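Here's the structure we're looking at; comments come further down.
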Amino acid sequence: RAFYDQAQMEMSRLQRSGQPLSIAYIDLDNFKKVNDTRGHNEGDRVLKTVVETLKQTLRGSDFIARLGGDEFAVLLPSTSDVQSRALMKRLHAILLKTSDSSGWPVTFSIGVITCLEPPPSLENFIAKADELMYKVKASGKNAILHSTFRTS
């Protein structure tokens with residue numbers, strides 16, 4: 001709920017300021033394999049490490065939320081498509097390095113949408129990020145797919 005409240009606040013800021021807003025959806029590929037083969041304690045360690053990596057890599061103004069078992073969303077206020085592409089590329093590399101050095105079989109599918117003008121609804125905007133992440137998963141996982149939302 002906090003994620004949606006924060007997203008609504010950032011959407012209002014976009015309407016007032018015209019500053020872009022990006023949202024990233026991050027899914028941990030093969031996370032179930034960690035729980036199944038190494039136990040839930042190790043799975044919890046993976047999740048905690050991912051959250052710490054997100055906190056250390058992202059700005060203080062960015063908002064991180066865990067939406068499901070192995071799915072996270074990140075609000076990136078005042079972040080253009082170019083900036084979000086660079087940030088997610090760097091974040092993806094750091095997450096992969098951390099996962100690899102820990103011996104986890106986990107990779108990361110990321111969908112990112114940047115909004116340059118107010119979308120018809122917050123739900124529509126969020127659904128686009130989720131859709132992009134699922135396209136990454138359907139096309140082989142462990143990649144980033146980015147799109148820019150424009151109403152015109």
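To be explicit about the labels: the chains of the structure tokens are called A, B, and onward in the order shown, and within each one the residues are counted from 1, while ligands get numbers from 1 in the order they are shown.
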
Shell of 6 Å around range 105-120 of chain A, only C-alpha atoms, local chain residues under 2 positions omitted, as an MDAnalysis selection string: chainID A and resid 15 20:31 81 129 132:133 136 141:149

Atom-to-atom span, CA of Leu75 in chain A and CA of Asp62 in chain A, Å: 5.6 Å

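The protein and nucleic acid residues lying at most 9 Å from range 93-101 of chain A are A:Val46, A:Thr49, A:Val50, A:Thr53, A:Leu54, A:Thr57, A:Thr107, A:Phe108, with only C-alpha atoms considered and sequence neighbours fewer than 6 positions away removed.
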
Members of chain A assigned strand (DSSP E) by DSSP, as an MDAnalysis selection string: chainID A and resid 21:29 63:66 71:77 107:115 144:149

Save the residues we just selected, N, CA and C atoms, as a tab-separated table (two decimals), in the first residue's frame?
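Result written to selection-v1.tsv:
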chain	number	residue	atom	x	y	z
A	21	LEU	N	9.21	10.63	-14.40
A	21	LEU	CA	9.12	9.64	-13.33
A	21	LEU	C	9.35	8.27	-13.96
A	22	SER	N	10.23	7.50	-13.36
A	22	SER	CA	10.47	6.13	-13.83
A	22	SER	C	10.09	5.14	-12.73
A	23	ILE	N	9.61	4.00	-13.17
A	23	ILE	CA	9.31	2.90	-12.26
A	23	ILE	C	9.99	1.65	-12.81
A	24	ALA	N	10.68	0.93	-11.92
A	24	ALA	CA	11.32	-0.33	-12.30
A	24	ALA	C	10.68	-1.46	-11.52
A	25	TYR	N	10.39	-2.55	-12.21
A	25	TYR	CA	9.94	-3.79	-11.59
A	25	TYR	C	11.08	-4.78	-11.72
A	26	ILE	N	11.45	-5.38	-10.60
A	26	ILE	CA	12.58	-6.31	-10.57
A	26	ILE	C	12.09	-7.65	-10.04
A	27	ASP	N	12.33	-8.70	-10.80
A	27	ASP	CA	11.96	-10.05	-10.38
A	27	ASP	C	13.23	-10.87	-10.25
A	28	LEU	N	13.31	-11.65	-9.18
A	28	LEU	CA	14.47	-12.51	-8.95
A	28	LEU	C	14.23	-13.84	-9.67
A	29	ASP	N	14.94	-14.06	-10.74
A	29	ASP	CA	14.84	-15.31	-11.51
A	29	ASP	C	15.45	-16.44	-10.69
A	63	PHE	N	12.29	5.15	-4.01
A	63	PHE	CA	11.44	4.41	-3.08
A	63	PHE	C	11.41	2.94	-3.50
A	64	ILE	N	11.78	2.06	-2.56
A	64	ILE	CA	11.86	0.63	-2.83
A	64	ILE	C	10.73	-0.08	-2.10
A	65	ALA	N	10.07	-1.00	-2.79
A	65	ALA	CA	9.00	-1.78	-2.16
A	65	ALA	C	9.08	-3.23	-2.61
A	66	ARG	N	8.82	-4.13	-1.68
A	66	ARG	CA	8.70	-5.55	-2.03
A	66	ARG	C	7.22	-5.79	-2.29
A	71	GLU	N	9.57	-10.21	-5.89
A	71	GLU	CA	9.35	-9.11	-6.82
A	71	GLU	C	9.43	-7.78	-6.07
A	72	PHE	N	10.18	-6.85	-6.67
A	72	PHE	CA	10.37	-5.53	-6.08
A	72	PHE	C	9.99	-4.46	-7.09
A	73	ALA	N	9.59	-3.31	-6.58
A	73	ALA	CA	9.33	-2.14	-7.41
A	73	ALA	C	10.16	-0.99	-6.87
A	74	VAL	N	10.63	-0.16	-7.78
A	74	VAL	CA	11.42	1.00	-7.40
A	74	VAL	C	10.87	2.22	-8.11
A	75	LEU	N	10.51	3.24	-7.34
A	75	LEU	CA	10.09	4.53	-7.90
A	75	LEU	C	11.34	5.39	-8.03
A	76	LEU	N	11.51	5.97	-9.19
A	76	LEU	CA	12.68	6.81	-9.48
A	76	LEU	C	12.20	8.21	-9.88
A	77	PRO	N	11.94	9.08	-8.89
A	77	PRO	CA	11.45	10.43	-9.21
A	77	PRO	C	12.50	11.25	-9.95
A	107	THR	N	19.26	-14.64	-10.98
A	107	THR	CA	19.50	-13.53	-11.91
A	107	THR	C	18.32	-12.57	-11.78
A	108	PHE	N	18.29	-11.53	-12.61
A	108	PHE	CA	17.31	-10.47	-12.39
A	108	PHE	C	16.68	-10.01	-13.70
A	109	SER	N	15.35	-10.09	-13.74
A	109	SER	CA	14.57	-9.59	-14.87
A	109	SER	C	13.99	-8.25	-14.46
A	110	ILE	N	14.27	-7.22	-15.26
A	110	ILE	CA	13.88	-5.85	-14.89
A	110	ILE	C	13.10	-5.20	-16.03
A	111	GLY	N	11.95	-4.64	-15.68
A	111	GLY	CA	11.16	-3.84	-16.60
A	111	GLY	C	11.12	-2.42	-16.08
A	112	VAL	N	11.39	-1.45	-16.95
A	112	VAL	CA	11.43	-0.04	-16.54
A	112	VAL	C	10.58	0.79	-17.49
A	113	ILE	N	9.74	1.62	-16.92
A	113	ILE	CA	8.95	2.55	-17.72
A	113	ILE	C	9.22	3.96	-17.22
A	114	THR	N	9.42	4.87	-18.14
A	114	THR	CA	9.62	6.28	-17.81
A	114	THR	C	8.43	7.06	-18.35
A	115	CYS	N	7.87	7.89	-17.50
A	115	CYS	CA	6.72	8.70	-17.87
A	115	CYS	C	7.16	10.15	-18.01
A	144	ILE	N	17.13	-6.39	-19.07
A	144	ILE	CA	16.39	-5.18	-18.76
A	144	ILE	C	15.63	-4.76	-20.01
A	145	LEU	N	14.37	-4.43	-19.85
A	145	LEU	CA	13.57	-3.90	-20.95
A	145	LEU	C	13.02	-2.55	-20.50
A	146	HIS	N	13.21	-1.54	-21.32
A	146	HIS	CA	12.82	-0.17	-20.97
A	146	HIS	C	11.89	0.39	-22.03
A	147	SER	N	10.96	1.19	-21.58
A	147	SER	CA	10.05	1.88	-22.49
A	147	SER	C	9.76	3.26	-21.94
A	148	THR	N	9.37	4.17	-22.84
A	148	THR	CA	8.98	5.51	-22.43
A	148	THR	C	7.50	5.69	-22.73
A	149	PHE	N	6.77	6.13	-21.73
A	149	PHE	CA	5.33	6.31	-21.85
A	149	PHE	C	5.02	7.74	-22.27
